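Chemist: Handing over input.csv, CSV, C-alpha atoms and all ligand atoms.
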```csv
chain,number,residue,atom,x,y,z
A,1,MET,CA,50.9,78.7,149.9
A,2,LYS,CA,50.4,75.1,151.1
A,3,ILE,CA,52.1,72.4,148.9
A,4,ALA,CA,52.0,68.6,149.1
A,5,VAL,CA,55.1,66.8,147.7
A,6,VAL,CA,54.5,63.2,147.0
A,7,GLY,CA,57.7,61.1,147.2
A,8,GLY,CA,60.7,61.5,149.5
A,9,GLY,CA,63.5,60.5,147.1
A,10,ILE,CA,66.2,62.7,145.8
A,11,ILE,CA,63.8,64.7,143.5
A,12,GLY,CA,61.0,65.0,146.0
A,13,LEU,CA,63.3,66.1,148.8
A,14,SER,CA,65.2,68.6,146.6
A,15,THR,CA,62.0,70.2,145.3
A,16,ALA,CA,60.3,70.3,148.7
A,17,TRP,CA,63.4,72.0,150.2
A,18,GLN,CA,63.6,74.6,147.5
A,19,LEU,CA,59.9,75.3,147.9
A,20,LEU,CA,60.5,75.9,151.6
A,21,ARG,CA,63.3,78.3,150.8
A,22,ARG,CA,60.8,80.3,148.7
A,23,GLY,CA,58.4,80.6,151.6
A,24,ALA,CA,55.9,77.8,150.9
A,25,GLY,CA,54.5,75.5,153.6
A,26,VAL,CA,55.4,72.0,152.5
A,27,THR,CA,54.2,68.6,153.6
A,28,LEU,CA,56.1,65.6,152.1
A,29,TYR,CA,54.4,62.3,151.9
A,30,GLU,CA,56.6,59.2,151.5
A,31,ARG,CA,55.3,55.6,151.1
A,32,ASP,CA,58.3,54.2,152.9
A,33,ARG,CA,61.2,56.1,154.5
A,34,ALA,CA,62.4,59.5,153.1
A,35,GLY,CA,65.7,59.2,151.3
A,36,ALA,CA,65.7,55.4,151.3
A,37,SER,CA,64.8,54.6,147.7
A,38,THR,CA,66.6,54.6,144.3
A,39,GLY,CA,68.8,57.6,145.1
A,40,ASP,CA,70.2,55.8,148.1
A,41,VAL,CA,71.1,52.8,146.0
A,42,ALA,CA,72.7,54.8,143.2
A,43,ALA,CA,76.4,55.3,142.5
A,44,GLY,CA,76.2,59.1,142.6
A,45,MET,CA,77.7,59.7,139.2
A,46,LEU,CA,77.3,63.2,137.8
A,47,ALA,CA,78.1,62.1,134.3
A,48,PRO,CA,76.1,63.9,131.6
A,49,TYR,CA,78.9,63.1,129.2
A,50,ALA,CA,79.4,59.4,129.9
A,51,GLU,CA,75.9,58.3,130.7
A,52,VAL,CA,73.8,59.3,127.7
A,53,GLY,CA,73.7,58.0,124.1
A,54,PHE,CA,73.6,59.5,120.6
A,55,GLU,CA,69.9,59.8,120.5
A,56,GLU,CA,69.7,61.7,123.8
A,57,LEU,CA,71.2,65.1,123.1
A,58,ASN,CA,68.4,66.9,125.0
A,59,LEU,CA,69.3,64.7,128.1
A,60,MET,CA,72.9,65.5,127.8
A,61,LYS,CA,72.1,69.3,127.7
A,62,LEU,CA,69.9,68.9,130.7
A,63,GLY,CA,72.7,67.1,132.5
A,64,GLN,CA,75.2,69.8,131.6
A,65,LEU,CA,72.8,72.5,132.9
A,66,SER,CA,72.2,70.7,136.1
A,67,LEU,CA,75.9,70.0,136.7
A,68,GLU,CA,76.6,73.7,136.3
A,69,ARG,CA,74.0,74.4,139.0
A,70,TYR,CA,75.4,71.9,141.5
A,71,PRO,CA,77.8,74.4,143.2
A,72,GLN,CA,74.9,76.8,144.0
A,73,PHE,CA,72.7,73.9,145.1
A,74,LEU,CA,75.4,72.7,147.5
A,75,GLU,CA,76.1,76.2,148.8
A,76,GLU,CA,72.4,76.7,149.7
A,77,LEU,CA,72.2,73.2,151.1
A,78,ARG,CA,75.2,73.9,153.4
A,79,GLU,CA,73.4,77.0,154.7
A,80,ASP,CA,70.3,75.0,155.6
A,81,ALA,CA,71.7,71.6,156.6
A,82,GLY,CA,75.1,72.5,158.1
A,83,PHE,CA,76.9,69.9,156.0
A,84,VAL,CA,77.2,68.7,152.4
A,85,PRO,CA,79.0,66.1,150.4
A,86,GLU,CA,82.0,67.2,148.3
A,87,LEU,CA,81.5,67.6,144.6
A,88,ASP,CA,84.3,65.4,143.2
A,89,THR,CA,85.3,66.2,139.6
A,90,CYS,CA,87.4,63.1,139.1
A,91,GLY,CA,86.5,62.4,135.4
A,92,THR,CA,85.5,59.2,133.7
A,93,LEU,CA,87.7,56.8,131.8
A,94,LEU,CA,85.6,55.2,129.1
A,95,VAL,CA,87.3,52.0,128.1
A,96,GLY,CA,86.9,48.9,126.0
A,97,VAL,CA,88.4,45.4,125.9
A,98,ASP,CA,87.6,44.2,122.4
A,99,ARG,CA,86.8,45.4,118.9
A,100,ASP,CA,83.1,45.9,119.5
A,101,ASP,CA,83.9,48.0,122.6
A,102,ALA,CA,86.5,49.9,120.6
A,103,GLN,CA,84.0,50.9,117.9
A,104,GLN,CA,81.5,51.9,120.5
A,105,VAL,CA,84.0,54.1,122.4
A,106,ARG,CA,85.1,55.6,119.1
A,107,ARG,CA,81.5,56.4,118.1
A,108,LEU,CA,80.8,58.1,121.4
A,109,TYR,CA,84.0,60.0,121.0
A,110,ASP,CA,83.1,61.3,117.5
A,111,PHE,CA,79.6,62.2,118.6
A,112,ARG,CA,80.8,64.2,121.6
A,113,LYS,CA,83.6,65.8,119.6
A,114,GLN,CA,81.0,67.2,117.1
A,115,LEU,CA,79.3,68.9,120.1
A,116,ASP,CA,82.6,70.5,121.1
A,117,MET,CA,82.7,68.7,124.3
A,118,ARG,CA,85.9,68.0,126.3
A,119,ILE,CA,86.8,64.4,125.4
A,120,GLU,CA,90.2,62.9,124.4
A,121,MET,CA,91.0,59.6,122.8
A,122,ILE,CA,94.0,58.3,124.7
A,123,SER,CA,96.2,55.2,124.2
A,124,SER,CA,95.8,52.3,126.6
A,125,ALA,CA,99.2,53.1,128.0
A,126,GLU,CA,98.0,56.7,128.8
A,127,ALA,CA,94.9,55.2,130.3
A,128,ARG,CA,96.9,53.1,132.6
A,129,GLU,CA,99.0,56.1,133.6
A,130,ARG,CA,95.8,57.8,134.7
A,131,GLU,CA,94.4,54.6,136.3
A,132,PRO,CA,97.2,52.1,137.2
A,133,LEU,CA,94.6,49.5,138.2
A,134,LEU,CA,93.3,49.1,134.6
A,135,SER,CA,93.6,45.6,133.2
A,136,PRO,CA,96.2,45.0,130.4
A,137,ARG,CA,93.2,43.8,128.4
A,138,VAL,CA,91.9,47.4,128.0
A,139,VAL,CA,92.7,48.2,124.4
A,140,THR,CA,90.8,51.5,123.9
A,141,ALA,CA,90.1,54.5,126.1
A,142,ALA,CA,88.6,58.0,126.1
A,143,TRP,CA,89.0,60.5,128.9
A,144,LEU,CA,86.0,62.6,130.0
A,145,ALA,CA,87.5,65.2,132.2
A,146,ASP,CA,84.3,67.0,133.1
A,147,ASP,CA,82.4,64.1,134.7
A,148,GLY,CA,82.0,64.2,138.4
A,149,GLN,CA,80.4,62.4,141.3
A,150,ILE,CA,79.1,62.9,144.7
A,151,ASP,CA,78.3,60.9,147.9
A,152,ASN,CA,74.6,60.4,147.1
A,153,ARG,CA,73.8,59.0,150.6
A,154,LYS,CA,75.3,62.1,152.3
A,155,LEU,CA,73.4,64.3,149.9
A,156,LEU,CA,70.1,62.7,150.8
A,157,SER,CA,70.9,63.1,154.5
A,158,ALA,CA,71.7,66.7,154.0
A,159,LEU,CA,68.5,67.3,152.0
A,160,LEU,CA,66.4,65.7,154.7
A,161,GLN,CA,68.2,67.8,157.4
A,162,ALA,CA,67.7,71.0,155.4
A,163,PHE,CA,64.0,70.1,154.8
A,164,ARG,CA,63.5,69.7,158.6
A,165,ASN,CA,65.5,72.8,159.5
A,166,ARG,CA,63.4,74.8,157.1
A,167,GLY,CA,60.2,73.6,158.9
A,168,GLY,CA,59.0,71.0,156.4
A,169,GLN,CA,56.4,68.5,157.6
A,170,LEU,CA,57.4,64.9,156.9
A,171,ARG,CA,54.8,62.0,156.7
A,172,GLU,CA,56.6,58.7,156.3
A,173,GLN,CA,54.9,55.3,155.8
A,174,THR,CA,52.1,57.4,154.2
A,175,PRO,CA,51.5,56.6,150.5
A,176,VAL,CA,49.2,59.1,148.7
A,177,ASP,CA,46.4,57.1,147.2
A,178,GLU,CA,44.6,59.8,145.3
A,179,LEU,CA,44.9,63.3,143.9
A,180,VAL,CA,41.8,65.3,145.0
A,181,HIS,CA,40.7,67.9,142.4
A,182,ARG,CA,37.5,69.5,141.3
A,183,SER,CA,37.2,69.9,137.6
A,184,ASP,CA,40.4,71.7,136.8
A,185,ARG,CA,41.8,72.7,140.2
A,186,VAL,CA,43.8,70.7,142.8
A,187,GLU,CA,42.2,70.6,146.2
A,188,GLY,CA,44.4,68.2,148.1
A,189,VAL,CA,45.7,64.7,148.4
A,190,ARG,CA,44.1,61.6,150.0
A,191,ALA,CA,46.4,59.6,152.3
A,192,GLY,CA,45.8,57.4,155.3
A,193,GLY,CA,42.0,57.5,154.7
A,194,LYS,CA,41.9,61.3,155.0
A,195,THR,CA,41.9,64.3,152.6
A,196,HIS,CA,44.6,66.8,153.2
A,197,PRO,CA,43.8,70.1,151.6
A,198,CYS,CA,46.5,72.1,149.8
A,199,ASP,CA,47.0,74.6,147.0
A,200,ALA,CA,49.4,72.6,144.9
A,201,VAL,CA,50.7,69.1,144.5
A,202,VAL,CA,54.1,67.9,143.2
A,203,ILE,CA,54.2,64.3,142.1
A,204,ALA,CA,57.8,63.1,142.6
A,205,ALA,CA,57.0,59.5,143.4
A,206,GLY,CA,59.5,57.9,141.0
A,207,CYS,CA,58.2,54.6,139.5
A,208,TRP,CA,55.2,54.8,141.8
A,209,SER,CA,54.0,58.0,140.2
A,210,ASP,CA,51.3,56.7,138.1
A,211,ARG,CA,49.8,54.5,140.8
A,212,ILE,CA,48.1,57.5,142.2
A,213,ALA,CA,44.5,57.7,141.4
A,214,GLY,CA,42.9,60.9,140.0
A,215,LEU,CA,45.8,62.1,137.8
A,216,PRO,CA,44.5,63.6,134.6
A,217,ALA,CA,44.3,61.3,131.6
A,218,THR,CA,46.0,64.0,129.4
A,219,ALA,CA,49.2,63.8,131.5
A,220,GLN,CA,49.5,60.2,132.8
A,221,PRO,CA,53.2,59.9,133.9
A,222,MET,CA,53.4,56.3,132.3
A,223,ILE,CA,56.5,55.5,134.3
A,224,ARG,CA,57.8,51.9,134.5
A,225,PRO,CA,60.4,50.6,136.9
A,226,LEU,CA,63.8,49.5,135.4
A,227,LYS,CA,65.6,47.3,138.0
A,228,GLY,CA,69.2,48.0,138.6
A,229,GLN,CA,71.4,45.8,140.9
A,230,ILE,CA,74.6,47.4,142.2
A,231,LEU,CA,77.4,46.1,144.4
A,232,THR,CA,79.5,47.9,147.0
A,233,LEU,CA,83.0,46.7,147.4
A,234,LYS,CA,85.4,47.8,150.1
A,235,GLN,CA,88.7,49.3,148.8
A,236,THR,CA,92.0,47.9,150.1
A,237,THR,CA,95.4,49.4,149.8
A,238,ASP,CA,95.9,47.2,146.7
A,239,CYS,CA,92.8,48.5,145.0
A,240,GLU,CA,92.1,52.3,145.3
A,241,PRO,CA,90.8,53.5,141.9
A,242,VAL,CA,91.4,57.3,141.3
A,243,CYS,CA,88.7,57.9,138.7
A,244,MET,CA,85.4,56.5,137.4
A,245,ILE,CA,85.9,53.7,135.0
A,246,ARG,CA,83.2,52.5,132.6
A,247,SER,CA,82.8,50.1,129.7
A,248,PRO,CA,79.7,49.6,127.6
A,249,ARG,CA,78.6,47.0,130.2
A,250,VAL,CA,79.6,48.2,133.6
A,251,TYR,CA,80.8,51.2,135.7
A,252,LEU,CA,83.1,51.4,138.8
A,253,VAL,CA,82.9,54.4,141.0
A,254,PRO,CA,85.4,54.9,143.8
A,255,LYS,CA,83.7,56.7,146.7
A,256,SER,CA,85.1,58.9,149.4
A,257,ASP,CA,84.0,56.5,152.1
A,258,GLY,CA,86.6,54.0,150.9
A,259,THR,CA,84.2,51.8,148.8
A,260,ILE,CA,83.6,51.2,145.1
A,261,ARG,CA,80.2,51.0,143.6
A,262,LEU,CA,80.1,48.5,140.8
A,263,GLY,CA,76.9,48.7,138.7
A,264,ALA,CA,74.5,48.2,137.4
A,265,THR,CA,72.2,45.8,135.7
A,266,SER,CA,69.2,47.0,133.7
A,267,GLU,CA,66.3,44.6,134.0
A,268,GLU,CA,62.6,44.7,133.0
A,269,LYS,CA,61.3,42.9,136.1
A,270,GLY,CA,58.5,45.1,137.2
A,271,TYR,CA,58.6,46.1,140.9
A,272,ASP,CA,60.8,43.1,141.8
A,273,THR,CA,63.8,44.1,143.9
A,274,THR,CA,65.3,40.8,144.6
A,275,PRO,CA,69.1,40.6,144.1
A,276,THR,CA,70.0,37.6,141.9
A,277,ALA,CA,73.1,35.4,141.6
A,278,GLY,CA,73.2,36.0,137.9
A,279,GLY,CA,73.1,39.8,138.3
A,280,VAL,CA,76.0,39.7,140.8
A,281,LYS,CA,78.0,37.3,138.6
A,282,GLU,CA,77.7,39.5,135.5
A,283,LEU,CA,78.6,42.7,137.4
A,284,LEU,CA,81.7,41.0,139.0
A,285,GLU,CA,82.9,39.5,135.7
A,286,ASP,CA,82.4,42.7,133.8
A,287,GLY,CA,84.1,44.8,136.6
A,288,TRP,CA,86.9,42.3,137.0
A,289,GLU,CA,87.6,42.5,133.2
A,290,LEU,CA,88.4,46.2,133.7
A,291,VAL,CA,90.1,46.1,137.1
A,292,PRO,CA,91.3,42.6,138.0
A,293,SER,CA,92.3,43.6,141.5
A,294,ILE,CA,88.7,43.9,142.6
A,295,TYR,CA,88.8,40.1,142.9
A,296,ASP,CA,90.1,40.1,146.5
A,297,LEU,CA,87.9,43.0,147.7
A,298,PRO,CA,85.3,42.4,150.5
A,299,LEU,CA,81.8,42.5,149.0
A,300,GLU,CA,79.9,44.8,151.4
A,301,GLU,CA,76.5,45.1,149.9
A,302,VAL,CA,74.2,44.0,147.0
A,303,ARG,CA,71.4,46.5,146.5
A,304,THR,CA,68.6,46.9,144.0
A,305,GLY,CA,67.0,50.1,142.9
A,306,LEU,CA,64.1,50.8,140.6
A,307,ARG,CA,64.8,53.5,138.0
A,308,PRO,CA,61.7,55.4,137.0
A,309,ALA,CA,61.7,55.2,133.2
A,310,GLY,CA,59.3,57.4,131.2
A,311,ARG,CA,58.1,56.5,127.7
A,312,ASP,CA,61.0,58.4,126.1
A,313,HIS,CA,63.4,58.0,129.0
A,314,ALA,CA,63.3,61.7,129.7
A,315,PRO,CA,61.9,63.3,132.8
A,316,SER,CA,58.5,65.0,133.2
A,317,ILE,CA,58.9,68.3,135.0
A,318,GLY,CA,56.4,71.1,135.3
A,319,TYR,CA,52.7,71.9,135.1
A,320,ALA,CA,50.6,68.8,134.5
A,321,GLY,CA,47.2,70.0,133.1
A,322,VAL,CA,45.2,70.6,136.2
A,323,GLU,CA,45.7,74.0,138.1
A,324,GLY,CA,48.1,73.4,141.0
A,325,LEU,CA,49.3,70.0,139.7
A,326,TYR,CA,53.0,69.6,138.9
A,327,TYR,CA,55.2,66.6,138.1
A,328,ALA,CA,58.9,66.0,138.8
A,329,THR,CA,59.2,62.4,137.9
A,330,GLY,CA,60.7,59.9,135.3
A,331,HIS,CA,64.3,60.9,136.0
A,332,TYR,CA,65.4,57.3,135.0
A,333,ARG,CA,69.2,56.9,135.3
A,334,HIS,CA,69.9,60.5,136.3
A,335,GLY,CA,68.0,61.5,139.4
A,336,ILE,CA,71.1,62.6,141.3
A,337,LEU,CA,72.5,64.5,138.4
A,338,TYR,CA,69.2,66.3,137.5
A,339,ALA,CA,68.2,67.2,141.1
A,340,PRO,CA,69.4,70.8,141.0
A,341,VAL,CA,67.9,71.8,137.7
A,342,THR,CA,64.6,70.1,138.6
A,343,ALA,CA,64.3,71.6,142.1
A,344,PHE,CA,65.4,75.2,141.1
A,345,SER,CA,63.2,75.3,138.0
A,346,LEU,CA,60.1,73.7,139.4
A,347,ALA,CA,60.2,75.7,142.6
A,348,ASP,CA,60.4,78.9,140.6
A,349,GLU,CA,57.6,77.8,138.3
A,350,ILE,CA,55.3,76.9,141.2
A,351,ILE,CA,56.0,80.0,143.4
A,352,GLU,CA,56.1,82.5,140.5
A,353,ASN,CA,53.3,80.8,138.6
A,354,ARG,CA,55.0,80.9,135.3
A,355,PRO,CA,56.3,78.0,133.2
A,356,HIS,CA,60.1,77.6,133.2
A,357,GLY,CA,61.3,78.2,129.6
A,358,GLN,CA,64.4,76.2,130.3
A,359,LEU,CA,62.7,72.8,130.7
A,360,LYS,CA,59.8,73.1,128.2
A,361,GLU,CA,61.0,70.0,126.3
A,362,PHE,CA,60.3,68.0,129.4
A,363,SER,CA,56.8,69.2,130.0
A,364,PRO,CA,54.4,66.4,131.3
A,365,LEU,CA,52.0,67.6,128.6
A,366,ARG,CA,54.3,66.6,125.7
A,367,PHE,CA,52.5,63.2,125.2
A,368,LYS,CA,49.1,64.8,125.0
A,369,LYS,CA,47.2,63.9,121.8
A,370,GLN,CA,46.4,67.1,119.8
B,1,LIG,N1,73.1,56.2,136.6
B,1,LIG,C1,73.5,54.9,136.8
B,1,LIG,C2,72.5,53.8,136.5
B,1,LIG,O1,71.4,54.1,136.2
B,1,LIG,O2,72.9,52.7,136.7
```
Take the structure in this file and express it as structure tokens.

Modeler:
Amino acid sequence: MKIAVVGGGIIGLSTAWQLLRRGAGVTLYERDRAGASTGDVAAGMLAPYAEVGFEELNLMKLGQLSLERYPQFLEELREDAGFVPELDTCGTLLVGVDRDDAQQVRRLYDFRKQLDMRIEMISSAEAREREPLLSPRVVTAAWLADDGQIDNRKLLSALLQAFRNRGGQLREQTPVDELVHRSDRVEGVRAGGKTHPCDAVVIAAGCWSDRIAGLPATAQPMIRPLKGQILTLKQTTDCEPVCMIRSPRVYLVPKSDGTIRLGATSEEKGYDTTPTAGGVKELLEDGWELVPSIYDLPLEEVRTGLRPAGRDHAPSIGYAGVEGLYYATGHYRHGILYAPVTAFSLADEIIENRPHGQLKEFSPLRFKKQ
């Protein structure tokens, strides 16, 4: 079976690699450089418990499911790439510095407790025992022991290596302009002025997904970019956080390479990826409020990513209404977290030609008018 995967980000690479493992021939088309997009900018949090809100129970469950599949994903990746990043289950401290924050943390605690999740309300003294760098201004804290994180950049390198080692064909600097299909069957993709025939197409192009002509009107991805600015600070011996720390405004993620990712803004600015003074100022102020000792850290990087946000902020995964057409897009804030469940389920669906029951709530056809 010949499959075209459109998009070389975390989701496209993961799905393409899993398809190769199941014996398909895969060509991956990437408009820029594989692995260089939003997944590279991300902080690498695997935080189904800290990252989603009350109204997003289905996303929390999807995150849990995907986190459970991470060990298998990494084991298979090690076989094919020869190296993988470590899965770090360091946990998240959810904290607040004023009454508004305290109420928000409390509400999140109550909600998660009702779902029987592992979460503890702890005193600010206990929070400082867990994380001595916390500011004395922190007045409220909850501990989410099951949240984890990963080196997302190493993960992308491993996926690219595994894709190559399994014989995948990579076409970089090659945007797909059009899906070629006759009535209700995929025939190929149009890229670089040529038609490339194939049996199936996976659209995993993040916030560029609905710029591809020829996608069926019944399953338009309707993805918009949501700009996120994020900083990388270099740790010093005075400032080495031991866990992830977040408030309702900001998160700090200590990475195994000796840095801290401090993020992220959420801005409706279309496809603009310019870092701004205001964005950096807000992140630094909000981060400093939680961990004052970041003040003296070297600022290594300011990056901007475009999160692919769907209409309901949930991903679209699976059959998309034309035989041979599948979506794996709209992963919004959770691309790194949802990569295993997306890749395993979609590769099974395509190769075995049966819908994956597990992800039916995320069908691309859910917006279809009856
Ligand atoms: N998942 C982190 C973010 O979207 O900023």

Chemist: Please build the interface table for stretch 54-117 of chain A against stretch 160-178 of chain A with a cut-off of 12 Å, listing for each qualifying residue the nearest atom pair and the distance in Å to one decimal; count all atoms listed in the file, order rows by chain and increasing number, and write it as a Markdown table.

Modeler:
```
| residue | atom | partner | partner_atom | distance |
| --- | --- | --- | --- | --- |
| A:Phe73 | CA | A:Ala162 | CA | 11.8 |
| A:Leu74 | CA | A:Ala162 | CA | 11.2 |
| A:Glu75 | CA | A:Ala162 | CA | 11.9 |
| A:Glu76 | CA | A:Ala162 | CA | 9.3 |
| A:Leu77 | CA | A:Ala162 | CA | 6.6 |
| A:Arg78 | CA | A:Ala162 | CA | 8.3 |
| A:Glu79 | CA | A:Ala162 | CA | 8.3 |
| A:Asp80 | CA | A:Ala162 | CA | 4.8 |
| A:Ala81 | CA | A:Ala162 | CA | 4.2 |
| A:Gly82 | CA | A:Ala162 | CA | 8.0 |
| A:Phe83 | CA | A:Gln161 | CA | 9.1 |
| A:Val84 | CA | A:Ala162 | CA | 10.2 |
```

Chemist: Pull the closest atom pair for each residue of chain A that gets at most 10 Å from ligand LIG 1 (chain B), along with the distance in Å to one decimal, counting all atoms listed in the file, ordering rows by chain and then ascending residue number, as CSV.

Modeler:
```
residue,atom,partner,partner_atom,distance
A:Thr38,CA,B:LIG1,O1,9.4
A:Gly39,CA,B:LIG1,N1,9.6
A:Val41,CA,B:LIG1,O2,9.5
A:Ala42,CA,B:LIG1,C1,6.5
A:Ala43,CA,B:LIG1,C1,6.4
A:Gly44,CA,B:LIG1,N1,7.3
A:Met45,CA,B:LIG1,N1,6.3
A:Leu46,CA,B:LIG1,N1,8.3
A:Ala47,CA,B:LIG1,N1,8.1
A:Pro48,CA,B:LIG1,N1,9.7
A:Ala50,CA,B:LIG1,N1,9.7
A:Glu51,CA,B:LIG1,N1,6.9
A:Val52,CA,B:LIG1,N1,9.5
A:Leu226,CA,B:LIG1,O1,8.9
A:Lys227,CA,B:LIG1,O1,9.1
A:Gly228,CA,B:LIG1,O2,6.3
A:Gln229,CA,B:LIG1,O2,8.2
A:Ile230,CA,B:LIG1,O2,7.8
A:Val250,CA,B:LIG1,O2,8.6
A:Tyr251,CA,B:LIG1,O2,8.1
A:Leu262,CA,B:LIG1,O2,9.3
A:Gly263,CA,B:LIG1,O2,6.0
A:Ala264,CA,B:LIG1,O2,4.8
A:Thr265,CA,B:LIG1,O2,7.0
A:Ser266,CA,B:LIG1,O2,7.4
A:Gly305,CA,B:LIG1,O2,8.9
A:Leu306,CA,B:LIG1,O1,9.1
A:Arg307,CA,B:LIG1,O1,6.9
A:Pro308,CA,B:LIG1,O1,9.8
A:His331,CA,B:LIG1,O1,9.8
A:Tyr332,CA,B:LIG1,O1,6.9
A:Arg333,CA,B:LIG1,O1,3.7
A:His334,CA,B:LIG1,N1,5.4
A:Gly335,CA,B:LIG1,N1,7.9
A:Ile336,CA,B:LIG1,N1,8.2
A:Leu337,CA,B:LIG1,N1,8.5
```

Chemist: Skip A:Ser345 itself and residues of its chain fewer than 3 positions away, then list as a ChimeraX atom specification all residues within 12 Å of it, counting only C-alpha atoms.

Modeler: /A:11,14-15,18-19,62,65-66,69,73,317-319,326-328,338-342,348-360,362-363

Chemist: Measure the distance from atom CA of A:Arg182 to atom CA of A:Leu215 in Å and round it to one decimal.

Modeler: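 Here the two named atoms are 11.7 Å from each other.
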
Chemist: Between atom CA of A:Arg366 and atom CA of A:Val201, what distance in Å does the model show, to one decimal?

Modeler: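 Computed distance, atom CA of A:Arg366 to atom CA of A:Val201, equals 19.3 Å.
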
Chemist: From the list A:Pro248, A:Gly279, A:Pro221, A:Pro292, which residue is nearest A:Lys368 when using all atoms listed in the file?

Modeler: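 Using all atoms listed in the file, the shortest distance to A:Lys368 belongs to A:Pro221.
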
Chemist: Find, counting all atoms listed in the file, the residue in A:Ser209, A:Pro216, A:Thr89, A:Glu289 that gets nearest to A:Arg185.

Modeler: A:Pro216

Chemist: In Å, rounded to a single decimal, give me how far atom CA of A:Ala217 is from atom CA of A:Asp184.

Modeler: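 Computing it gives 12.3 Å between the two atoms.
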
Chemist: Between A:Met222, A:Leu155, A:Val242, A:Cys90, single out the one closest to A:His313, counting all atoms listed in the file.

Modeler: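 Of A:Met222, A:Leu155, A:Val242, A:Cys90, the one nearest A:His313 is A:Met222, counting all atoms listed in the file.
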
Chemist: Would you mind listing what lies within 7 Å of A:Ala16 as a list in words, with only C-alpha atoms counted and same-chain residues fewer than 4 positions away left out?

Modeler: Val5, Gly12, Leu20 and Val26 of chain A

Chemist: Between A:Leu231, A:Val322, A:Leu93, A:Leu144, which has the minimum distance to A:Ala127 (counting only C-alpha atoms)?

Modeler: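 Between A:Leu231, A:Val322, A:Leu93, A:Leu144, the residue approaching A:Ala127 most closely is A:Leu93.
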
Chemist: Mind checking which residues fall within 7 Å of A:Leu156, counting only C-alpha atoms, ignoring those fewer than 3 positions away in the same chain, and posting them as a list in words?

Modeler: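 Near A:Leu156, the qualifying residues are Ile10, Gly35, Asn152, Arg153, Leu159 and Leu160 of chain A.
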
Chemist: Given the choices A:Met117, A:Leu87, A:Ile245, A:Ala309, which gets closest to A:Gly206 if the distance is worked out from only C-alpha atoms?

Modeler: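 For A:Gly206, the nearest of the candidates is A:Ala309.
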
Chemist: Rebuild stretch 81-91 of chain A so that it carries N, CA, C and O atoms, then output the result as a CSV table (one decimal), keeping the file's coordinate frame.

Modeler:
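Wrote part-v7.csv, looks like this:
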```
chain,number,residue,atom,x,y,z
A,81,ALA,N,71.5,72.9,155.9
A,81,ALA,CA,71.7,71.6,156.6
A,81,ALA,C,72.9,71.6,157.5
A,81,ALA,O,73.0,70.8,158.5
A,82,GLY,N,73.9,72.5,157.2
A,82,GLY,CA,75.1,72.5,158.1
A,82,GLY,C,76.2,71.6,157.5
A,82,GLY,O,77.3,71.7,158.0
A,83,PHE,N,75.9,70.7,156.6
A,83,PHE,CA,76.9,69.9,156.0
A,83,PHE,C,76.5,69.5,154.6
A,83,PHE,O,75.3,69.5,154.3
A,84,VAL,N,77.5,69.2,153.7
A,84,VAL,CA,77.2,68.7,152.4
A,84,VAL,C,78.3,67.8,151.9
A,84,VAL,O,79.4,67.9,152.4
A,85,PRO,N,78.0,66.9,151.0
A,85,PRO,CA,79.0,66.1,150.4
A,85,PRO,C,79.9,66.9,149.5
A,85,PRO,O,79.4,68.0,149.0
A,86,GLU,N,81.1,66.5,149.3
A,86,GLU,CA,82.0,67.2,148.3
A,86,GLU,C,81.6,66.8,146.9
A,86,GLU,O,81.2,65.7,146.6
A,87,LEU,N,81.7,67.8,146.0
A,87,LEU,CA,81.5,67.6,144.6
A,87,LEU,C,82.9,67.2,144.0
A,87,LEU,O,83.8,68.0,144.0
A,88,ASP,N,83.0,65.9,143.6
A,88,ASP,CA,84.3,65.4,143.2
A,88,ASP,C,84.3,65.3,141.6
A,88,ASP,O,83.6,64.6,141.0
A,89,THR,N,85.2,66.2,141.1
A,89,THR,CA,85.3,66.2,139.6
A,89,THR,C,86.4,65.3,139.1
A,89,THR,O,87.4,65.8,138.6
A,90,CYS,N,86.3,64.0,139.4
A,90,CYS,CA,87.4,63.1,139.1
A,90,CYS,C,87.5,62.6,137.7
A,90,CYS,O,88.5,62.1,137.3
A,91,GLY,N,86.4,62.9,136.9
A,91,GLY,CA,86.5,62.4,135.4
A,91,GLY,C,86.2,61.0,135.2
A,91,GLY,O,86.2,60.2,136.2
```
